[in-house]
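**Student:** First the structure, which I've put down as structure tokens, then a few questions once you've had a look.
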Amino acid sequence: MINYTEQTSAHDHLETMTPEQLLRAINEEDAKIHLAVREAIPQIVRLVEEIVPRMQRGGRLFYIGAGTSGRLGVLDASEMPPTYGVPPTLVVGLIAGGDTAIRKAVEGAEDDTQLAWKDLQAHGIGPNDTVVGIAASGTTPYVLGGLQTAREQGLLTGAVTCNPGSPVTQAAEHPIVAAVGPEFVTGSTRMKAGTAQKMILNMISTAVMIRLGRVRGNKMVNMQLTNRKLVGRGIRMIVEETGLSPTEAEALLLEHGSVRRALEAYGKRQK
């Protein structure tokens with residue numbers, strides 16, 4: 001099997017380049033990412049279409065990964081509650097080695113094929129849940145073991161990788177492959193592969209949340225009002241939808257705690 005994420009960079013003698021040469025060359029490589037992700041859209045579609053009905057039945061979405069891949073899963077999951085007003089238990093990011101590994105590598109954690117399933121079991125994993133493994137190389141034992149066991153237990157499984165034909169594409173029912181090619185710095189998958197994975201996770205979670213009714217029009221009407229910027233955004237949404245003054249909109253928003261509930265209350269008043 002060719003490990004595409006470990007192939008030698010198309011650029012050499014990097015230490016001799018000027019800062020501008022380095023940055024232009026990195027940008028040249030980055031320009032290839034969206035094309036690779038676009039090619040994977042049919043695969044993403046199939047996974048999203050399977051996730052949504054399971055979540056409508058009470059299922060959850062779990063990401064599992066190690067290193068950069070694990071951190072990206074944790075990041076995407078952690079953004080769901082403030083953005084869409086869902087509980088933090090609905091989308092969960094698990095990283096090999098636990099939360100400590102978000103900032104510091106935990107030796108040997110990603111090589112344990114049993115650890116991911118243990119981590120999932122700690123969350124009471126069930127038949128309506130979905131497990132998405134994230135592995136740039138597609139060979140991470142933590143991810144492979146978790147996906148294989150989850151699939152054996154009848155759970156929906158997906159994978160996000162940048163290595164065509166890698167083991168993770170066989171372990172998951174719905175593999176998503178973004179073939180971004182060699183990294184600018186050979187093997188540094190925090191770069192092109194990491195960016196592609198981030199884009200795909202954004203696409204999965206955003207599409208799922210929209211299909212679950214967490215967006216109205218194009219607005220984040222369920223967002224948490226955790227700072228003045230978000231309160232201001234909520235006020236503007238209500239003004240646009242209702243024609244109320246900013247002062248009236250703010251009072252309505254603060255009374256009901258979310259844009260959606262404020263708009264629903266306003267609608268009832270107009271009947």
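Labeling convention for the structure tokens: chains A, B, ... as they appear, residues from 1 per chain, ligands from 1 in order of appearance.
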Write out as a ChimeraX atom specification each polymer residue whose atoms come within 10 Å of Gly154 in chain A, counting only C-alpha atoms; drop sequence neighbours fewer than 4 positions from it.
**Tutor:** /A:126-130,149-150
**Student:** I need the residues from that last selection saved to file as a short mmCIF file (atom, residue, chain, number, x, y, z; two decimals), in the first residue's frame (with N, CA and C atoms), if you can.
**Tutor:**
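Everything below was put into result-v2.cif:
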data_model
loop_
_atom_site.label_atom_id
_atom_site.label_comp_id
_atom_site.auth_asym_id
_atom_site.auth_seq_id
_atom_site.Cartn_x
_atom_site.Cartn_y
_atom_site.Cartn_z
N GLY A 126 -24.56 3.53 21.97
CA GLY A 126 -25.75 2.75 21.66
C GLY A 126 -26.01 2.61 20.18
N PRO A 127 -27.01 1.85 19.78
CA PRO A 127 -27.25 1.50 18.38
C PRO A 127 -27.59 2.66 17.47
N ASN A 128 -28.10 3.77 18.00
CA ASN A 128 -28.41 4.92 17.15
C ASN A 128 -27.25 5.89 17.00
N ASP A 129 -26.14 5.60 17.69
CA ASP A 129 -24.99 6.49 17.64
C ASP A 129 -24.15 6.24 16.39
N THR A 130 -23.39 7.25 16.01
CA THR A 130 -22.49 7.18 14.86
C THR A 130 -21.06 7.43 15.33
N THR A 149 -14.71 -2.35 16.06
CA THR A 149 -15.60 -2.83 17.11
C THR A 149 -16.97 -2.18 17.00
N ALA A 150 -17.00 -0.88 16.72
CA ALA A 150 -18.27 -0.18 16.58
C ALA A 150 -19.09 -0.79 15.44
#
**Student:** Mind checking DSSP for range 125-222 of chain A and telling me the strand (DSSP E) residues as a PyMOL selection string?
**Tutor:** chain A and resi 130-134+156-161+174-177
**Student:** Which neighbours of Asp12 in chain A fall inside 12 Å, counting only C-alpha atoms, when residues of the same chain fewer than 2 positions from it are skipped, and could you give them as a PyMOL selection string?
**Tutor:** chain A and resi 8-10+14-17+21-22+25+183-186
**Student:** Point out the residue among A:Gly234, A:Gly98, A:Gly158, A:Gly67 with the least atom-to-atom distance to Ile204 in chain A, counting only C-alpha atoms.
**Tutor:**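 Result for the nearest residue to Ile204 in chain A: A:Gly158.
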**Student:** Which residues come within 8 Å of Ala193 in chain A, counting only C-alpha atoms, excluding same-chain residues fewer than 5 positions away, as a PyMOL selection string?
**Tutor:** chain A and resi 5+136+161-162+178+180+183
**Student:** Need the shell around Val160 in chain A: protein/DNA/RNA residues with any atom at most 8 Å away, counting only C-alpha atoms. Skip same-chain ones fewer than 6 positions apart. Format as a PyMOL selection string?
**Tutor:** chain A and resi 132-136+175-178+197+200
**Student:** Could you write out that same residue set with N, CA and C atoms as a PDB file, in the first residue's frame?
**Tutor:**
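Output file result_22.pdb follows:
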ATOM      1  N   VAL A 132     -17.300   8.302  13.871  1.00  0.00           N
ATOM      2  CA  VAL A 132     -16.497   8.730  12.717  1.00  0.00           C
ATOM      3  C   VAL A 132     -15.035   8.762  13.143  1.00  0.00           C
ATOM      4  N   GLY A 133     -14.232   7.932  12.519  1.00  0.00           N
ATOM      5  CA  GLY A 133     -12.810   7.903  12.795  1.00  0.00           C
ATOM      6  C   GLY A 133     -12.072   8.888  11.911  1.00  0.00           C
ATOM      7  N   ILE A 134     -11.130   9.613  12.497  1.00  0.00           N
ATOM      8  CA  ILE A 134     -10.362  10.617  11.762  1.00  0.00           C
ATOM      9  C   ILE A 134      -8.898  10.191  11.806  1.00  0.00           C
ATOM     10  N   ALA A 135      -8.310   9.942  10.642  1.00  0.00           N
ATOM     11  CA  ALA A 135      -6.917   9.486  10.584  1.00  0.00           C
ATOM     12  C   ALA A 135      -6.336   9.861   9.235  1.00  0.00           C
ATOM     13  N   ALA A 136      -5.443  10.815   9.218  1.00  0.00           N
ATOM     14  CA  ALA A 136      -4.872  11.285   7.955  1.00  0.00           C
ATOM     15  C   ALA A 136      -4.240  10.138   7.176  1.00  0.00           C
ATOM     16  N   PRO A 175     -16.326   5.478   4.260  1.00  0.00           N
ATOM     17  CA  PRO A 175     -15.050   6.199   4.243  1.00  0.00           C
ATOM     18  C   PRO A 175     -15.128   7.456   3.376  1.00  0.00           C
ATOM     19  N   ILE A 176     -14.497   8.515   3.852  1.00  0.00           N
ATOM     20  CA  ILE A 176     -14.390   9.766   3.100  1.00  0.00           C
ATOM     21  C   ILE A 176     -12.904  10.016   2.869  1.00  0.00           C
ATOM     22  N   VAL A 177     -12.513  10.107   1.624  1.00  0.00           N
ATOM     23  CA  VAL A 177     -11.094  10.229   1.284  1.00  0.00           C
ATOM     24  C   VAL A 177     -10.839  11.531   0.542  1.00  0.00           C
ATOM     25  N   ALA A 178     -10.014  12.378   1.123  1.00  0.00           N
ATOM     26  CA  ALA A 178      -9.576  13.609   0.459  1.00  0.00           C
ATOM     27  C   ALA A 178      -8.100  13.427   0.109  1.00  0.00           C
ATOM     28  N   GLN A 197      -9.264  17.702   6.559  1.00  0.00           N
ATOM     29  CA  GLN A 197     -10.087  17.062   7.587  1.00  0.00           C
ATOM     30  C   GLN A 197     -10.978  18.087   8.281  1.00  0.00           C
ATOM     31  N   ILE A 200     -13.875  18.920   6.038  1.00  0.00           N
ATOM     32  CA  ILE A 200     -14.864  17.840   5.950  1.00  0.00           C
ATOM     33  C   ILE A 200     -15.682  17.741   7.235  1.00  0.00           C
TER      34      ILE A 200
END
**Student:** Measuring atom to atom with only C-alpha atoms, identify which of A:Met237, A:Met203, A:Ile51, A:Leu75 is nearest to His174 in chain A.
**Tutor:**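 Of all the options, A:Ile51 lies closest to His174 in chain A.
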**Student:** Between CA of Glu241 in chain A and CA of Glu255 in chain A, what distance in Å does the model show, to one decimal?
**Tutor:**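 For CA of Glu241 in chain A relative to CA of Glu255 in chain A, the distance reads 17.1 Å.
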**Student:** So which one's closest to Gly124 in chain A, A:Gly213, A:Gly108, A:Pro141, A:Gly59? Using only C-alpha atoms, please.
**Tutor:** A:Gly59
**Student:** Find, counting only C-alpha atoms, the residue in A:Pro42, A:Gly194, A:Gly146, A:Gly93 that gets nearest to Ser69 in chain A.
**Tutor:**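 Using only C-alpha atoms, the shortest distance to Ser69 in chain A belongs to A:Gly194.
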